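Enquirer: input20.pdb (PDB, C-alpha atoms) pasted underneath:
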```pdb
ATOM      1  CA  MET O 534       0.000   0.000   0.000
ATOM      2  CA  ASP O 535       1.200   3.510  -0.784
ATOM      3  CA  ASP O 536       2.165   5.290   2.459
ATOM      4  CA  LEU O 537       0.310   8.449   1.437
ATOM      5  CA  ALA O 538      -2.913   6.474   1.194
ATOM      6  CA  GLU O 539      -2.820   5.408   4.844
ATOM      7  CA  ILE O 540      -4.475   8.573   6.155
ATOM      8  CA  PRO O 541      -6.360  10.031   3.189
ATOM      9  CA  ALA O 542      -8.923  12.039   5.167
ATOM     10  CA  ASP O 543      -6.752  14.698   6.825
ATOM     11  CA  THR O 544      -4.925  17.574   5.169
ATOM     12  CA  ALA O 545      -2.453  20.175   6.378
ATOM     13  CA  LEU O 546      -0.732  23.325   5.161
ATOM     14  CA  ALA O 547       1.986  22.464   2.674
ATOM     15  CA  SER O 548       4.368  25.328   3.502
ATOM     16  CA  PRO O 549       5.993  23.807   6.645
ATOM     17  CA  ALA O 550       6.763  20.638   4.666
ATOM     18  CA  PHE O 551       9.290  22.581   2.624
ATOM     19  CA  THR O 552      11.175  23.420   5.827
ATOM     20  CA  TYR O 553      11.386  19.672   6.476
ATOM     21  CA  VAL O 554      12.874  19.257   3.003
ATOM     22  CA  ASP O 555      15.295  22.151   3.523
ATOM     23  CA  VAL O 556      16.534  20.685   6.834
ATOM     24  CA  GLY O 557      17.154  17.350   5.130
ATOM     25  CA  VAL O 558      19.029  19.016   2.281
ATOM     26  CA  ALA O 559      21.162  21.014   4.745
ATOM     27  CA  HIS O 560      22.311  17.669   6.148
ATOM     28  CA  GLY O 561      23.137  16.143   2.774
ATOM     29  CA  LEU O 562      19.896  14.420   1.728
ATOM     30  CA  PRO O 563      18.897  14.799  -1.955
ATOM     31  CA  ARG O 564      16.191  17.423  -2.485
ATOM     32  CA  ASP O 565      14.552  15.621  -5.404
ATOM     33  CA  ALA O 566      14.154  12.416  -3.393
ATOM     34  CA  LEU O 567      12.569  14.248  -0.443
ATOM     35  CA  MET O 568      10.238  16.205  -2.719
ATOM     36  CA  ALA O 569       9.183  13.012  -4.461
ATOM     37  CA  ALA O 570       8.664  11.150  -1.186
ATOM     38  CA  GLY O 571       6.351  13.892   0.070
ATOM     39  CA  ARG O 572       4.710  14.455  -3.304
ATOM     40  CA  LEU O 573       5.660  18.106  -3.215
ATOM     41  CA  ASP O 574       6.368  20.493  -6.068
ATOM     42  CA  GLU O 575       7.757  24.009  -6.190
ATOM     43  CA  ALA O 576       4.380  25.489  -7.181
ATOM     44  CA  MET O 577       3.128  24.565  -3.717
ATOM     45  CA  ARG O 578       5.996  26.468  -2.106
ATOM     46  CA  ALA O 579       4.822  29.647  -3.841
ATOM     47  CA  ASP O 580       1.253  29.264  -2.513
ATOM     48  CA  PRO O 581       1.046  29.976   1.252
ATOM     49  CA  ASP O 582      -2.376  28.310   1.428
ATOM     50  CA  ALA O 583      -1.540  25.107  -0.525
ATOM     51  CA  ARG O 584      -2.506  21.869   1.207
ATOM     52  CA  VAL O 585      -1.138  18.333   1.305
ATOM     53  CA  SER O 586      -2.176  15.050   2.884
ATOM     54  CA  THR O 587      -1.169  14.819   6.543
ATOM     55  CA  TRP O 588       0.654  11.654   5.580
ATOM     56  CA  THR O 589       3.114  13.793   3.588
ATOM     57  CA  TYR O 590       4.545  14.841   6.957
ATOM     58  CA  VAL O 591       4.640  11.265   8.218
ATOM     59  CA  VAL O 592       6.643  10.227   5.148
ATOM     60  CA  LEU O 593       9.054  13.157   5.554
ATOM     61  CA  TRP O 594       9.452  12.300   9.239
ATOM     62  CA  ARG O 595      10.436   8.790   8.318
ATOM     63  CA  GLU O 596      13.005  10.075   5.832
ATOM     64  CA  LEU O 597      14.630  12.492   8.295
ATOM     65  CA  LEU O 598      14.578  10.216  11.338
ATOM     66  CA  THR O 599      15.960   7.150   9.608
ATOM     67  CA  LYS O 600      18.547   8.885   7.425
ATOM     68  CA  LEU O 601      19.815  11.464   9.937
ATOM     69  CA  PRO O 602      20.280   9.373  13.107
ATOM     70  CA  GLU O 603      22.900  11.719  14.573
ATOM     71  CA  VAL O 604      20.729  14.848  14.193
ATOM     72  CA  VAL O 605      18.219  15.937  16.852
ATOM     73  CA  VAL O 606      15.610  16.301  14.125
ATOM     74  CA  PRO O 607      12.721  17.788  16.164
ATOM     75  CA  VAL O 608      14.894  20.557  17.608
ATOM     76  CA  GLU O 609      16.451  21.349  14.216
ATOM     77  CA  LEU O 610      13.002  21.622  12.624
ATOM     78  CA  VAL O 611      11.709  23.941  15.340
ATOM     79  CA  ARG O 612      14.702  26.245  14.933
ATOM     80  CA  ALA O 613      14.306  26.241  11.135
ATOM     81  CA  LEU O 614      10.553  26.959  10.964
ATOM     82  CA  ASP O 615       9.745  30.650  10.621
ATOM     83  CA  ASP O 616       6.467  32.536  10.979
ATOM     84  CA  ALA O 617       5.919  32.818   7.231
ATOM     85  CA  ALA O 618       5.728  29.027   6.915
ATOM     86  CA  LEU O 619       3.108  28.650   9.637
ATOM     87  CA  GLY O 620       0.164  30.223   7.838
ATOM     88  CA  VAL O 621      -2.510  32.691   8.822
ATOM     89  CA  THR O 622      -3.182  31.087  12.220
ATOM     90  CA  ALA O 623       0.343  31.959  13.345
ATOM     91  CA  GLN O 624      -0.083  35.534  12.091
ATOM     92  CA  LEU O 625      -3.248  35.843  14.179
ATOM     93  CA  VAL O 626      -1.403  34.599  17.264
ATOM     94  CA  LEU O 627       1.346  37.186  16.795
ATOM     95  CA  ARG O 628      -1.239  40.012  16.654
ATOM     96  CA  ALA O 629      -3.481  38.813  19.490
ATOM     97  CA  ASP O 630      -3.948  40.897  22.638
ATOM     98  CA  ASP O 631      -2.777  38.143  24.982
ATOM     99  CA  LEU O 632      -2.405  34.387  25.361
ATOM    100  CA  ALA O 633      -6.090  33.887  26.180
ATOM    101  CA  GLN O 634      -7.151  35.479  22.902
ATOM    102  CA  ALA O 635      -4.374  33.724  20.970
ATOM    103  CA  THR O 636      -5.501  30.347  22.293
ATOM    104  CA  ASP O 637      -9.085  31.052  21.249
ATOM    105  CA  MET O 638      -7.831  31.918  17.757
ATOM    106  CA  VAL O 639      -5.797  28.734  17.556
ATOM    107  CA  GLU O 640      -8.749  26.584  18.610
ATOM    108  CA  ARG O 641     -11.020  28.333  16.115
ATOM    109  CA  PHE O 642      -8.683  28.072  13.127
ATOM    110  CA  LEU O 643      -6.501  25.070  13.947
ATOM    111  CA  HIS O 644      -7.978  22.971  11.136
ATOM    112  CA  ILE O 645      -6.471  25.392   8.629
ATOM    113  CA  THR O 646      -3.090  24.190   9.860
ATOM    114  CA  ASP O 647      -4.063  20.511  10.146
ATOM    115  CA  THR O 648      -7.547  18.996  10.032
ATOM    116  CA  GLY O 649      -6.512  16.119  12.294
ATOM    117  CA  MET O 650      -5.158  18.248  15.143
ATOM    118  CA  GLN O 651      -6.903  19.331  18.347
ATOM    119  CA  LEU O 652      -5.754  21.424  21.299
ATOM    120  CA  ASP O 653      -6.484  20.477  24.911
ATOM    121  CA  ARG O 654      -5.993  22.797  27.883
ATOM    122  CA  PRO O 655      -5.414  20.644  30.974
ATOM    123  CA  ILE O 656      -5.331  22.376  34.359
ATOM    124  CA  ARG O 657      -2.853  21.435  37.094
ATOM    125  CA  GLY O 658      -3.286  23.626  40.160
ATOM    126  CA  ASP O 659      -2.153  27.155  39.239
ATOM    127  CA  HIS O 660      -0.723  25.948  35.921
ATOM    128  CA  ILE O 661      -2.379  25.536  32.535
ATOM    129  CA  GLY O 662      -1.165  23.186  29.838
ATOM    130  CA  PHE O 663      -1.305  23.457  26.072
ATOM    131  CA  ALA O 664      -1.531  19.911  24.753
ATOM    132  CA  PRO O 665      -1.903  19.188  21.018
ATOM    133  CA  ARG O 666      -3.515  15.910  19.921
ATOM    134  CA  HIS O 667      -3.748  14.110  16.593
ATOM    135  CA  ARG O 668      -4.764  10.715  15.240
ATOM    136  CA  PRO O 669      -3.425   7.836  17.353
ATOM    137  CA  GLU O 670      -1.102   6.618  14.610
ATOM    138  CA  VAL O 671       0.452  10.082  14.272
ATOM    139  CA  MET O 672       0.846  10.453  18.045
ATOM    140  CA  ALA O 673       2.467   6.999  18.096
ATOM    141  CA  MET O 674       5.355   8.459  16.068
ATOM    142  CA  ARG O 675       6.206  10.571  19.158
ATOM    143  CA  PHE O 676       8.413  13.142  17.443
ATOM    144  CA  PRO O 677       5.736  15.233  15.663
ATOM    145  CA  VAL O 678       4.342  16.387  19.012
ATOM    146  CA  GLU O 679       7.830  17.594  19.923
ATOM    147  CA  VAL O 680       7.822  19.850  16.866
ATOM    148  CA  TRP O 681       4.305  21.099  17.611
ATOM    149  CA  LEU O 682       5.217  22.085  21.168
ATOM    150  CA  GLY O 683       8.545  23.546  20.108
ATOM    151  CA  THR O 684       6.919  25.584  17.355
ATOM    152  CA  GLY O 685       4.223  26.808  19.729
ATOM    153  CA  PHE O 686       6.886  27.871  22.215
ATOM    154  CA  GLN O 687       8.872  29.781  19.583
ATOM    155  CA  LEU O 688       5.719  31.504  18.344
ATOM    156  CA  LEU O 689       4.760  32.475  21.892
ATOM    157  CA  SER O 690       8.256  33.862  22.479
ATOM    158  CA  ARG O 691       7.908  36.155  19.489
ATOM    159  CA  ALA O 692       4.373  37.178  20.456
ATOM    160  CA  LEU O 693       5.441  38.121  23.985
ATOM    161  CA  GLY O 694       8.588  39.832  22.767
ATOM    162  CA  GLY O 695      10.451  38.359  25.706
ATOM    163  CA  PRO O 696      10.936  35.245  27.831
ATOM    164  CA  VAL O 697       8.080  32.749  28.062
ATOM    165  CA  PRO O 698       7.280  31.937  31.725
ATOM    166  CA  LEU O 699       7.380  28.183  31.147
ATOM    167  CA  VAL O 700       7.023  26.036  34.255
ATOM    168  CA  GLU O 701       8.033  22.868  32.422
ATOM    169  CA  VAL O 702       7.508  20.906  29.219
ATOM    170  CA  THR O 703       6.230  17.338  29.406
ATOM    171  CA  PHE O 704       6.102  14.562  26.828
ATOM    172  CA  ALA O 705       4.010  11.417  27.171
ATOM    173  CA  HIS O 706       6.627   9.236  25.495
ATOM    174  CA  PRO O 707      10.223   8.178  26.208
ATOM    175  CA  ALA O 708      13.109  10.425  25.186
ATOM    176  CA  GLY O 709      14.587   9.615  21.801
ATOM    177  CA  TYR O 710      17.402  12.179  21.994
ATOM    178  CA  PRO O 711      19.389  13.741  24.860
ATOM    179  CA  VAL O 712      17.056  15.732  27.128
ATOM    180  CA  ALA O 713      19.626  18.557  27.300
ATOM    181  CA  ALA O 714      18.895  19.474  23.671
ATOM    182  CA  TYR O 715      15.241  20.105  24.571
ATOM    183  CA  GLU O 716      16.013  22.012  27.758
ATOM    184  CA  GLU O 717      18.289  24.280  25.772
ATOM    185  CA  LEU O 718      15.490  24.884  23.238
ATOM    186  CA  PHE O 719      12.763  25.579  25.816
ATOM    187  CA  GLY O 720      14.903  27.135  28.544
ATOM    188  CA  ALA O 721      12.898  25.154  31.099
ATOM    189  CA  PRO O 722      12.807  21.664  32.652
ATOM    190  CA  VAL O 723      11.715  18.958  30.180
ATOM    191  CA  ARG O 724      10.245  15.679  31.408
ATOM    192  CA  PHE O 725       9.550  12.560  29.328
ATOM    193  CA  ASP O 726       7.293   9.591  30.177
ATOM    194  CA  ALA O 727       4.774  12.052  31.641
ATOM    195  CA  GLU O 728       0.972  11.741  31.584
ATOM    196  CA  VAL O 729       0.509  14.276  28.782
ATOM    197  CA  SER O 730       2.561  16.143  26.177
ATOM    198  CA  ALA O 731       2.158  19.832  26.969
ATOM    199  CA  LEU O 732       3.663  23.256  27.533
ATOM    200  CA  TRP O 733       2.918  24.288  31.127
ATOM    201  CA  LEU O 734       2.549  27.966  32.082
ATOM    202  CA  PRO O 735       1.169  29.847  35.101
ATOM    203  CA  ARG O 736      -2.537  30.528  34.598
ATOM    204  CA  ALA O 737      -1.801  34.199  35.299
ATOM    205  CA  ALA O 738       0.236  34.305  32.047
ATOM    206  CA  MET O 739      -2.990  34.068  30.040
ATOM    207  CA  THR O 740      -3.561  37.825  30.405
ATOM    208  CA  THR O 741       0.016  39.042  29.850
ATOM    209  CA  PRO O 742      -0.153  41.569  26.961
ATOM    210  CA  PHE O 743       1.500  40.563  23.684
ATOM    211  CA  ALA O 744       4.142  42.877  22.239
ATOM    212  CA  GLY O 745       2.743  42.805  18.699
ATOM    213  CA  ARG O 746      -0.984  43.119  19.453
ATOM    214  CA  ASP O 747      -2.671  44.756  16.487
ATOM    215  CA  PRO O 748      -6.498  44.696  16.472
ATOM    216  CA  LEU O 749      -6.898  46.256  13.024
ATOM    217  CA  THR O 750      -4.575  43.874  11.175
ATOM    218  CA  ARG O 751      -6.003  40.986  13.200
ATOM    219  CA  ARG O 752      -9.515  41.705  11.902
ATOM    220  CA  TYR O 753      -8.307  41.499   8.297
ATOM    221  CA  LEU O 754      -6.443  38.274   9.020
ATOM    222  CA  GLU O 755      -9.497  36.863  10.794
ATOM    223  CA  ALA O 756     -11.645  37.439   7.730
ATOM    224  CA  HIS O 757      -9.081  35.685   5.534
ATOM    225  CA  ALA O 758      -8.818  32.801   7.996
ATOM    226  CA  ALA O 759     -12.590  32.374   8.090
ATOM    227  CA  HIS O 760     -12.627  32.180   4.287
ATOM    228  CA  LEU O 761      -9.854  29.573   4.276
ATOM    229  CA  LEU O 762     -11.529  27.524   6.989
ATOM    230  CA  ALA O 763     -14.783  27.408   5.039
ATOM    231  CA  ASN O 764     -12.904  25.816   2.139
ATOM    232  CA  VAL O 765     -10.801  23.337   4.117
ATOM    233  CA  PRO O 766     -11.809  19.710   3.496
ATOM    234  CA  ALA O 767     -13.904  18.383   6.370
ATOM    235  CA  PRO O 768     -11.886  16.674   9.118
ATOM    236  CA  VAL O 769     -12.509  13.133  10.252
ATOM    237  CA  PRO O 770     -16.003  12.950  11.823
ATOM    238  CA  ALA O 771     -15.915  13.463  15.591
ATOM    239  CA  LEU O 772     -17.489  10.052  16.217
ATOM    240  CA  VAL O 773     -14.782   8.304  14.209
ATOM    241  CA  ALA O 774     -12.018  10.216  16.009
ATOM    242  CA  THR O 775     -13.552   9.356  19.415
ATOM    243  CA  LEU O 776     -13.942   5.685  18.541
ATOM    244  CA  ARG O 777     -10.391   5.464  17.198
ATOM    245  CA  GLU O 778      -9.028   6.775  20.503
ATOM    246  CA  ALA O 779     -11.162   4.299  22.482
ATOM    247  CA  ILE O 780     -10.094   1.448  20.193
ATOM    248  CA  LEU O 781      -6.451   2.389  20.704
ATOM    249  CA  VAL O 782      -6.877   2.143  24.493
ATOM    250  CA  GLU O 783      -8.659  -1.209  24.240
ATOM    251  CA  LEU O 784      -6.485  -2.882  21.595
ATOM    252  CA  ALA O 785      -3.831  -4.321  23.883
ATOM    253  CA  THR O 786      -6.213  -5.321  26.677
ATOM    254  CA  SER O 787      -9.339  -6.634  24.949
ATOM    255  CA  GLY O 788      -8.477  -6.653  21.278
ATOM    256  CA  ALA O 789     -10.870  -3.688  20.967
ATOM    257  CA  GLU O 790     -13.956  -5.760  21.739
ATOM    258  CA  LEU O 791     -16.957  -3.744  20.521
ATOM    259  CA  ALA O 792     -18.876  -3.919  23.807
ATOM    260  CA  ARG O 793     -15.941  -2.526  25.795
ATOM    261  CA  VAL O 794     -15.257   0.262  23.300
ATOM    262  CA  ALA O 795     -18.966   1.170  23.224
ATOM    263  CA  ARG O 796     -19.026   1.442  27.030
ATOM    264  CA  ARG O 797     -15.933   3.638  26.919
ATOM    265  CA  VAL O 798     -17.705   6.133  24.611
ATOM    266  CA  ALA O 799     -21.007   5.849  26.527
ATOM    267  CA  MET O 800     -22.985   4.268  23.674
ATOM    268  CA  SER O 801     -24.701   0.966  23.070
ATOM    269  CA  THR O 802     -23.073  -1.436  20.621
ATOM    270  CA  ARG O 803     -26.039  -1.084  18.281
ATOM    271  CA  THR O 804     -25.767   2.718  18.334
ATOM    272  CA  VAL O 805     -22.066   2.536  17.451
ATOM    273  CA  GLN O 806     -22.793   0.176  14.554
ATOM    274  CA  ARG O 807     -25.713   2.265  13.291
ATOM    275  CA  ARG O 808     -23.819   5.562  13.456
ATOM    276  CA  LEU O 809     -20.875   4.070  11.565
ATOM    277  CA  GLU O 810     -23.203   2.624   8.929
ATOM    278  CA  GLU O 811     -24.570   6.143   8.409
ATOM    279  CA  LEU O 812     -20.981   7.276   7.731
ATOM    280  CA  GLY O 813     -20.478   4.479   5.202
ATOM    281  CA  THR O 814     -18.143   2.340   7.278
ATOM    282  CA  SER O 815     -18.254  -0.359   9.964
ATOM    283  CA  TYR O 816     -16.715  -1.015  13.356
ATOM    284  CA  GLN O 817     -14.607  -3.877  11.999
ATOM    285  CA  ASP O 818     -13.289  -1.647   9.194
ATOM    286  CA  LEU O 819     -12.337   0.983  11.773
ATOM    287  CA  VAL O 820     -10.404  -1.543  13.867
ATOM    288  CA  GLU O 821      -8.759  -3.035  10.787
ATOM    289  CA  ASP O 822      -7.673   0.349   9.407
ATOM    290  CA  LEU O 823      -6.245   1.453  12.759
ATOM    291  CA  ARG O 824      -4.371  -1.821  13.234
ATOM    292  CA  ALA O 825      -2.950  -1.686   9.698
ATOM    293  CA  SER O 826      -1.718   1.889  10.104
ATOM    294  CA  LEU O 827      -0.385   1.409  13.636
ATOM    295  CA  ALA O 828       1.408  -1.777  12.621
ATOM    296  CA  ARG O 829       3.409   0.152  10.032
ATOM    297  CA  THR O 830       4.188   2.978  12.455
ATOM    298  CA  LEU O 831       5.319   0.631  15.238
ATOM    299  CA  LEU O 832       7.357  -1.631  12.946
ATOM    300  CA  ARG O 833       9.309   1.356  11.629
ATOM    301  CA  ASP O 834      10.467   1.915  15.214
ATOM    302  CA  ARG O 835      12.970  -0.913  15.600
ATOM    303  CA  THR O 836      12.874  -0.732  19.377
ATOM    304  CA  HIS O 837       9.615  -2.724  19.096
ATOM    305  CA  SER O 838       9.934  -6.453  18.425
ATOM    306  CA  ILE O 839       7.387  -8.068  16.116
ATOM    307  CA  VAL O 840       5.929  -9.946  19.075
ATOM    308  CA  GLU O 841       5.511  -6.664  21.001
ATOM    309  CA  VAL O 842       3.763  -5.058  18.015
ATOM    310  CA  ALA O 843       1.368  -8.001  17.731
ATOM    311  CA  LEU O 844       0.512  -7.807  21.440
ATOM    312  CA  GLU O 845       0.089  -4.023  21.346
ATOM    313  CA  LEU O 846      -2.374  -4.424  18.482
ATOM    314  CA  GLY O 847      -4.388  -6.918  20.485
ATOM    315  CA  TYR O 848      -3.607 -10.153  18.650
ATOM    316  CA  ALA O 849      -3.888 -13.281  20.766
ATOM    317  CA  ASP O 850      -1.204 -15.104  18.789
ATOM    318  CA  LEU O 851       1.561 -14.261  16.354
ATOM    319  CA  LYS O 852       0.023 -16.331  13.550
ATOM    320  CA  SER O 853      -3.078 -14.100  13.471
ATOM    321  CA  PHE O 854      -0.918 -10.985  13.243
ATOM    322  CA  TYR O 855       1.192 -12.452  10.427
ATOM    323  CA  ARG O 856      -1.948 -13.403   8.510
ATOM    324  CA  ALA O 857      -3.422  -9.897   8.903
ATOM    325  CA  PHE O 858      -0.160  -8.172   7.974
ATOM    326  CA  ARG O 859       0.143 -10.255   4.811
ATOM    327  CA  ARG O 860      -3.375  -9.172   3.907
ATOM    328  CA  TRP O 861      -2.431  -5.490   4.348
ATOM    329  CA  THR O 862       0.948  -5.498   2.614
ATOM    330  CA  GLY O 863       1.381  -8.773   0.750
ATOM    331  CA  MET O 864       4.420  -9.746   2.849
ATOM    332  CA  PRO O 865       5.239 -10.841   6.431
ATOM    333  CA  PRO O 866       6.143  -8.100   8.952
ATOM    334  CA  GLY O 867       9.840  -8.988   9.149
ATOM    335  CA  GLN O 868      10.273  -8.750   5.389
ATOM    336  CA  TRP O 869       8.278  -5.489   5.264
ATOM    337  CA  ARG O 870      10.392  -3.992   8.069
ATOM    338  CA  ALA O 871      13.589  -4.855   6.135
ATOM    339  CA  THR O 872      12.347  -2.783   3.169
ATOM    340  CA  GLN O 873      11.815   0.378   5.243
TER     341      GLN O 873
END
```
Kindly return the structure encoded in the file as C-alpha cells.
Expert:
Amino acid sequence: MDDLAEIPADTALASPAFTYVDVGVAHGLPRDALMAAGRLDEAMRADPDARVSTWTYVVLWRELLTKLPEVVVPVELVRALDDAALGVTAQLVLRADDLAQATDMVERFLHITDTGMQLDRPIRGDHIGFAPRHRPEVMAMRFPVEVWLGTGFQLLSRALGGPVPLVEVTFAHPAGYPVAAYEELFGAPVRFDAEVSALWLPRAAMTTPFAGRDPLTRRYLEAHAAHLLANVPAPVPALVATLREAILVELATSGAELARVARRVAMSTRTVQRRLEELGTSYQDLVEDLRASLARTLLRDRTHSIVEVALELGYADLKSFYRAFRRWTGMPPGQWRATQ
C-alpha cells in the first residue's frame, strides 16, 4: 500500500513541509528524493495556502529520522521553521492581545493548519497546559508532538517579545534524543514519560499583553482565515475520532472488543454500529484500518519487536498478526520492516 494512502482524510498546510525538506538538504539528503517522497512540487511552495495530505509529513518524518540518526531532528526543525511558513493562524497569534485570545484563535482556526489536530488545555493547580492531539497513529510516532510544542513555544516567544514563563515541558513518550537538547530549546525543565505532552505555564500568564498586538490587522487576518476555513476539506467525523481513541486504548487489553469500546464512549453497541453505517463504514473496518496503520508505524520503530507489536495491536497469537499483515501489505512483517 502507498504510504500516502494510509491517512487520506486529513490535510495540512503544505508550507511547513518545505522546511522539512530544507533541513534534510542542509544535512546532505537529496532534495529531489525528499520532494518526491512527500509528493511536493515548487508550485506549492509559492502558494502559502496550498494543502497536502497529513501523511506527507509522516513520510518526511520517516526520511529524516531514519537517514539522519545523529541529528536531533525535532529541535532542528523547530529552529528552522519561521512565521511565514506557519500560515494565517500563526499571524493571528502574533497580533493577538494576549495568550487567552491567541488560544481562542488557535482553537477556532486550527484545522487550517491541520484537520486532524486538536488542542487540549489541561489544568494542574495554578498551571495551565497546552496539549496538542492528533490521530493515534500520528501520536504513536512521538516526534511530531515535539515539533508542535517547540513551534508553539517559539511563536509564543515572538508574540510576547520576551521570555516565556514556562514552568516545564512534558512529553508522554520516552526520550529519543538527549534531554539537554530540549532544555536548551525551551529554557525550562523537560520531562519525558509524563501523563501528557504539553507546555505548562502559570494561569496568570494568560492575560500578559502581547508585544505585537494589532487589532486592526487581526480583523483582516481573521476574515481571511474564516474564508480559508470554510474551504478546508472536512476533518474526520468526531465520532470516528472518538472511537479510534477508544479502540487504541482497548487494543492491547481486549483486542478492541466492541462492547468494551462502546461502554468507553457511553454508547450501546447497536448505536455505534448504526452511526458508523450512516458514515459508510463499519466497526470492523475501523479496527482493521487502525491496526494496519499502527502496525506500520510501530514496525518502523525498531525498538519494538514483532511480538511486542502483535501484542500491542491486540492479537492473541503471532500467527493471526502475520496473517493480517500479509493481507495489508502482501508480505510478512519482518520482510516489510527490512524494506523500510
Enquirer: Pick out the residues sitting within 9 Å of O:Thr684, and hand them over as a list of chain:residue names; count all atoms listed in the file, and ignore anything fewer than 5 positions along from it in its own chain.
Expert: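 The filter keeps O:Leu610, O:Val611, O:Arg612, O:Leu614, O:Asp615, O:Glu679, O:Leu689.
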Enquirer: Have a look at atom CA of O:Tyr848 and atom CA of O:Val820 and let me know their distance in Å, one decimal.
Expert: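 These two atoms are separated by 12.0 Å.
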Enquirer: Which residues would end up in the selection if the PyMOL selection byres ((chain O and resi 854) around 12) were applied here, given that I need the answer as a ChimeraX atom specification?
Expert: /O:788,821,824-825,828,839-853,855-861,864-867
Enquirer: Output the residue selection produced by the PyMOL selection byres ((chain O and resi 605-607) around 9) on the file above, formatted as a PyMOL selection string.
Expert: chain O and resi 556+594+597-598+601-604+608-612+676-680+683+709-711+714
Enquirer: For each of O:Leu812, O:Leu827, O:Arg675, O:Ser730, take the minimum atom-to-atom distance to O:Leu784, counting all atoms listed in the file, then give the residue where this is smallest.
Expert: O:Leu827
Enquirer: Check the smallest atom-to-atom distance from each of O:Ile780, O:Val765, O:Leu831, O:Ala613 to O:Ala795 using only C-alpha atoms, then report the winner.
Expert: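 Comparing O:Ile780, O:Val765, O:Leu831, O:Ala613 against O:Ala795, the winner is O:Ile780.
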Enquirer: Report, as AutoDock Vina command-line options, the centre and edge lengths in Å (one decimal) of the axis-aligned box enclosing every listed atom of stretch 809-817 of chain O, padded by 8 Å on each side.
Expert:
```
--center_x -19.6 --center_y 1.7 --center_z 9.3 --size_x 26.0 --size_y 27.2 --size_z 24.2
```
Enquirer: Looking at O:Gly620, O:Gly813, O:Gly658, O:Gly695, which one is nearest to O:Phe642, with distances taken over only C-alpha atoms?
Expert: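 Comparing O:Gly620, O:Gly813, O:Gly658, O:Gly695 against O:Phe642, the winner is O:Gly620.
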Enquirer: Would you write out, as a PDB file with C-alpha atoms, in the frame of the given file, every residue that the PyMOL selection byres ((chain O and resi 665-672) around 8) captures in this file?
Expert:
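As a result, out_25.pdb now contains:
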```pdb
ATOM      1  CA  VAL O 591       4.640  11.265   8.218  1.00  0.00           C
ATOM      2  CA  GLY O 649      -6.512  16.119  12.294  1.00  0.00           C
ATOM      3  CA  MET O 650      -5.158  18.248  15.143  1.00  0.00           C
ATOM      4  CA  GLN O 651      -6.903  19.331  18.347  1.00  0.00           C
ATOM      5  CA  LEU O 652      -5.754  21.424  21.299  1.00  0.00           C
ATOM      6  CA  ASP O 653      -6.484  20.477  24.911  1.00  0.00           C
ATOM      7  CA  PHE O 663      -1.305  23.457  26.072  1.00  0.00           C
ATOM      8  CA  ALA O 664      -1.531  19.911  24.753  1.00  0.00           C
ATOM      9  CA  ALA O 673       2.467   6.999  18.096  1.00  0.00           C
ATOM     10  CA  MET O 674       5.355   8.459  16.068  1.00  0.00           C
ATOM     11  CA  ARG O 675       6.206  10.571  19.158  1.00  0.00           C
ATOM     12  CA  PRO O 677       5.736  15.233  15.663  1.00  0.00           C
ATOM     13  CA  VAL O 678       4.342  16.387  19.012  1.00  0.00           C
ATOM     14  CA  TRP O 681       4.305  21.099  17.611  1.00  0.00           C
ATOM     15  CA  LEU O 682       5.217  22.085  21.168  1.00  0.00           C
ATOM     16  CA  SER O 730       2.561  16.143  26.177  1.00  0.00           C
ATOM     17  CA  ALA O 731       2.158  19.832  26.969  1.00  0.00           C
ATOM     18  CA  ALA O 774     -12.018  10.216  16.009  1.00  0.00           C
ATOM     19  CA  ARG O 777     -10.391   5.464  17.198  1.00  0.00           C
ATOM     20  CA  GLU O 778      -9.028   6.775  20.503  1.00  0.00           C
ATOM     21  CA  LEU O 781      -6.451   2.389  20.704  1.00  0.00           C
ATOM     22  CA  LEU O 823      -6.245   1.453  12.759  1.00  0.00           C
ATOM     23  CA  SER O 826      -1.718   1.889  10.104  1.00  0.00           C
ATOM     24  CA  LEU O 827      -0.385   1.409  13.636  1.00  0.00           C
ATOM     25  CA  THR O 830       4.188   2.978  12.455  1.00  0.00           C
TER      26      THR O 830
END
```
Enquirer: Using all atoms listed in the file, which residues of stretch 665-774 of chain O come within 12 Å of stretch 570-583 of chain O, and what is the closest atom pair for each, with the distance in Å to one decimal? Give it as a tab-separated table, sorted by chain and residue number.
Expert:
```
residue	atom	partner	partner_atom	distance
O:His757	CA	O:Asp582	CA	10.8
O:Ala758	CA	O:Asp582	CA	10.2
O:His760	CA	O:Asp582	CA	11.3
O:Leu761	CA	O:Asp582	CA	8.1
O:Leu762	CA	O:Asp582	CA	10.7
O:Asn764	CA	O:Asp582	CA	10.8
O:Val765	CA	O:Asp582	CA	10.1
```
Enquirer: So what do you get for atom CA of O:Val712 versus atom CA of O:Ala623, distance-wise?
Expert: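 Atom-to-atom, atom CA of O:Val712 and atom CA of O:Ala623 are spaced 27.1 Å apart.
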Enquirer: For O:Arg746, which of O:Thr836, O:Ser586, O:Gln624, O:Thr544 is the closest residue, counting only C-alpha atoms?
Expert: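 Closest candidate: O:Gln624.
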Enquirer: What is the distance between atom CA of O:Val773 and atom CA of O:Leu809, in Å to one decimal?
Expert: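 Atom-to-atom, atom CA of O:Val773 and atom CA of O:Leu809 are spaced 7.9 Å apart.
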Enquirer: So that I can see what lies close to O:Ala737, please list as a PyMOL selection string the residues with an atom at most 9 Å from it, counting all atoms listed in the file and leaving out residues fewer than 3 positions away in the same chain.
Expert: chain O and resi 659-660+734+740-741
